[in-house]
Amino acid sequence: MRPVDKSLFSTNKTTYNPYGSARTDLIDALGGYCNYCERQGFATALEVEHIQDKKTYDLLKNDWSNFLLSCKNCNTCKSTKGIENTFLPDRDNTYEIFTYLESGYIQVDPSLDSPAKEKAQALIDLVRLDRMPNRNGYKGKDTLWQERKSGWEISQRYLCKYKKDDCDVETIKDLVLNGGFWSIWMKAFKDFPEVQKELVASFLGTNKGYFE
Ligand SMILES: [Zn+2]
């Protein structure tokens, strides 16, 4: 999951009323992607997500500091869950904590120890990033796992091309900007710092401090 930093975007606004009016500024700050599942979203399909849920924390309902961008599916899964013991993309290095597998699976990086391991799993559970068929509560209309699988396959295909000098960094960048799943591509190109550097630089609001 891409770690982000909203403070890179400077407006004078700290409150938005109604909160939905923050969407355009959030897209300008963070790019048009779900901050949880990393799908590229049509601007109108992305929602202003309340990090601290707006039912419990009414005072934070219009507060810029409490916003992220989320697709409808992730937002619905998160609902009013608490965030006390979980990693979050706007406060932790969430790039390091997951691995992505061929089948569309996401899992906690096996090298993590407690308590990081539990906090990473809590983030998967928070928005149910592992929602897939035959899992508890999966709704058939949610195609996240198929899209993630497809993103993984395309990243591997272009990794092969890149190794053979069949495509350039610019092409990779365009594919990721257009198709989302930044982390999957970053992991695929882990041995190619020039590609990673370009992906970090070209996605708005990425917390660059973790990649220097
Ligand atoms: Zn999402």
# chains A, B, ... in the order shown; residues from 1 in each chain; ligands from 1
call {"tool": "residues_near_ligand", "arguments": {"ligand": "ligand 1", "cutoff": "9 Å", "atoms": "only C-alpha atoms and all ligand atoms", "output": "ChimeraX atom specification"}}
result
/A:33-41,46,69-75,127,129,144
call {"tool": "residues_around", "arguments": {"residues": "Leu177 in chain A", "least_positions_apart": "6", "cutoff": "10 Å", "atoms": "only C-alpha atoms", "output": "PDB file with N, CA and C atoms, in the first residue's frame"}}
result
ATOM      1  N   GLY A  31      -3.558  11.983  -6.026  1.00  0.00           N
ATOM      2  CA  GLY A  31      -3.824  11.232  -7.250  1.00  0.00           C
ATOM      3  C   GLY A  31      -5.176  10.534  -7.157  1.00  0.00           C
ATOM      4  N   GLY A  32      -5.678  10.110  -8.293  1.00  0.00           N
ATOM      5  CA  GLY A  32      -7.026   9.519  -8.331  1.00  0.00           C
ATOM      6  C   GLY A  32      -7.042   8.028  -8.076  1.00  0.00           C
ATOM      7  N   TYR A  33      -6.611   7.626  -6.889  1.00  0.00           N
ATOM      8  CA  TYR A  33      -6.522   6.208  -6.562  1.00  0.00           C
ATOM      9  C   TYR A  33      -7.111   5.966  -5.180  1.00  0.00           C
ATOM     10  N   GLN A  40      -7.044   2.378  -9.502  1.00  0.00           N
ATOM     11  CA  GLN A  40      -7.244   3.670 -10.130  1.00  0.00           C
ATOM     12  C   GLN A  40      -8.747   3.886 -10.159  1.00  0.00           C
ATOM     13  N   THR A 171       7.151   3.979 -20.377  1.00  0.00           N
ATOM     14  CA  THR A 171       6.026   3.070 -20.628  1.00  0.00           C
ATOM     15  C   THR A 171       5.497   2.485 -19.327  1.00  0.00           C
ATOM     16  N   LEU A 199       8.412   5.879 -10.311  1.00  0.00           N
ATOM     17  CA  LEU A 199       7.064   5.626  -9.777  1.00  0.00           C
ATOM     18  C   LEU A 199       6.814   6.430  -8.499  1.00  0.00           C
ATOM     19  N   SER A 202       6.308  10.109  -9.704  1.00  0.00           N
ATOM     20  CA  SER A 202       5.185  10.466 -10.574  1.00  0.00           C
ATOM     21  C   SER A 202       3.815  10.290  -9.922  1.00  0.00           C
ATOM     22  N   PHE A 203       3.754   9.634  -8.774  1.00  0.00           N
ATOM     23  CA  PHE A 203       2.462   9.511  -8.085  1.00  0.00           C
ATOM     24  C   PHE A 203       2.337  10.607  -7.027  1.00  0.00           C
TER      25      PHE A 203
END
call {"tool": "closest_residue", "arguments": {"among": "A:Gly180, A:Lys54, A:Lys197, A:Lys139", "to": "Tyr210 in chain A", "atoms": "only C-alpha atoms"}}
result
A:Lys197
call {"tool": "closest_atom_pairs", "arguments": {"of": "range 65-115 of chain A", "to": "range 146-151 of chain A", "cutoff": "8 Å", "atoms": "only C-alpha atoms", "output": "Markdown table"}}
result
| residue | atom | partner | partner_atom | distance |
| --- | --- | --- | --- | --- |
| A:Leu101 | CA | A:Lys149 | CA | 7.9 |
| A:Glu102 | CA | A:Lys149 | CA | 6.3 |
| A:Ser103 | CA | A:Lys149 | CA | 5.6 |
| A:Gly104 | CA | A:Lys149 | CA | 3.9 |
| A:Tyr105 | CA | A:Lys149 | CA | 7.6 |
call {"tool": "closest_atom_pairs", "arguments": {"of": "range 74-142 of chain A", "to": "range 59-68 of chain A", "cutoff": "12 Å", "atoms": "only C-alpha atoms", "output": "Markdown table"}}
result
| residue | atom | partner | partner_atom | distance |
| --- | --- | --- | --- | --- |
| A:Cys74 | CA | A:Leu68 | CA | 11.5 |
| A:Asn75 | CA | A:Leu68 | CA | 10.1 |
| A:Ile83 | CA | A:Asn66 | CA | 11.9 |
| A:Leu88 | CA | A:Leu68 | CA | 10.3 |
| A:Pro89 | CA | A:Leu68 | CA | 9.1 |
| A:Asp90 | CA | A:Leu68 | CA | 8.2 |
| A:Arg91 | CA | A:Ser65 | CA | 11.3 |
call {"tool": "write_last_selection", "arguments": {"atoms": "C-alpha atoms", "output": "tab-separated table (two decimals), in the first residue's frame"}}
result
chain	number	residue	atom	x	y	z
A	74	CYS	CA	-13.06	-0.23	0.76
A	75	ASN	CA	-15.01	2.59	2.40
A	83	ILE	CA	-7.94	2.48	13.81
A	88	LEU	CA	-2.31	3.45	8.05
A	89	PRO	CA	-0.98	4.81	4.75
A	90	ASP	CA	-0.84	8.42	5.96
A	91	ARG	CA	1.15	7.69	9.09
call {"tool": "select_by_dssp", "arguments": {"residues": "range 3-195 of chain A", "states": "alpha helix (DSSP H)", "output": "ChimeraX atom specification"}}
result
/A:23-30,72-78,116-127,144-163,169-179,182-188,193-195
call {"tool": "select_by_dssp", "arguments": {"residues": "range 2-207 of chain A", "states": "strand (DSSP E)", "output": "PyMOL selection string"}}
result
chain A and resi 47-50+67-70+98-100+106-108
call {"tool": "write_last_selection", "arguments": {"atoms": "C-alpha atoms", "output": "PDB file, in the first residue's frame"}}
result
ATOM      1  CA  GLU A  47     -15.160   8.879  -1.966  1.00  0.00           C
ATOM      2  CA  VAL A  48     -13.832  11.126   0.753  1.00  0.00           C
ATOM      3  CA  GLU A  49     -12.922   8.602   3.414  1.00  0.00           C
ATOM      4  CA  HIS A  50     -12.881   9.518   7.100  1.00  0.00           C
ATOM      5  CA  PHE A  67      -9.487  12.536   5.049  1.00  0.00           C
ATOM      6  CA  LEU A  68      -8.181   9.984   2.600  1.00  0.00           C
ATOM      7  CA  LEU A  69      -9.517   8.823  -0.761  1.00  0.00           C
ATOM      8  CA  SER A  70     -11.253   5.515  -0.985  1.00  0.00           C
ATOM      9  CA  PHE A  98       2.569  -6.578   2.418  1.00  0.00           C
ATOM     10  CA  THR A  99       3.462  -9.026  -0.313  1.00  0.00           C
ATOM     11  CA  TYR A 100       1.374  -9.583  -3.425  1.00  0.00           C
ATOM     12  CA  ILE A 106      -2.331 -10.003  -0.577  1.00  0.00           C
ATOM     13  CA  GLN A 107      -0.651 -11.079   2.643  1.00  0.00           C
ATOM     14  CA  VAL A 108       1.351  -9.697   5.521  1.00  0.00           C
TER      15      VAL A 108
END
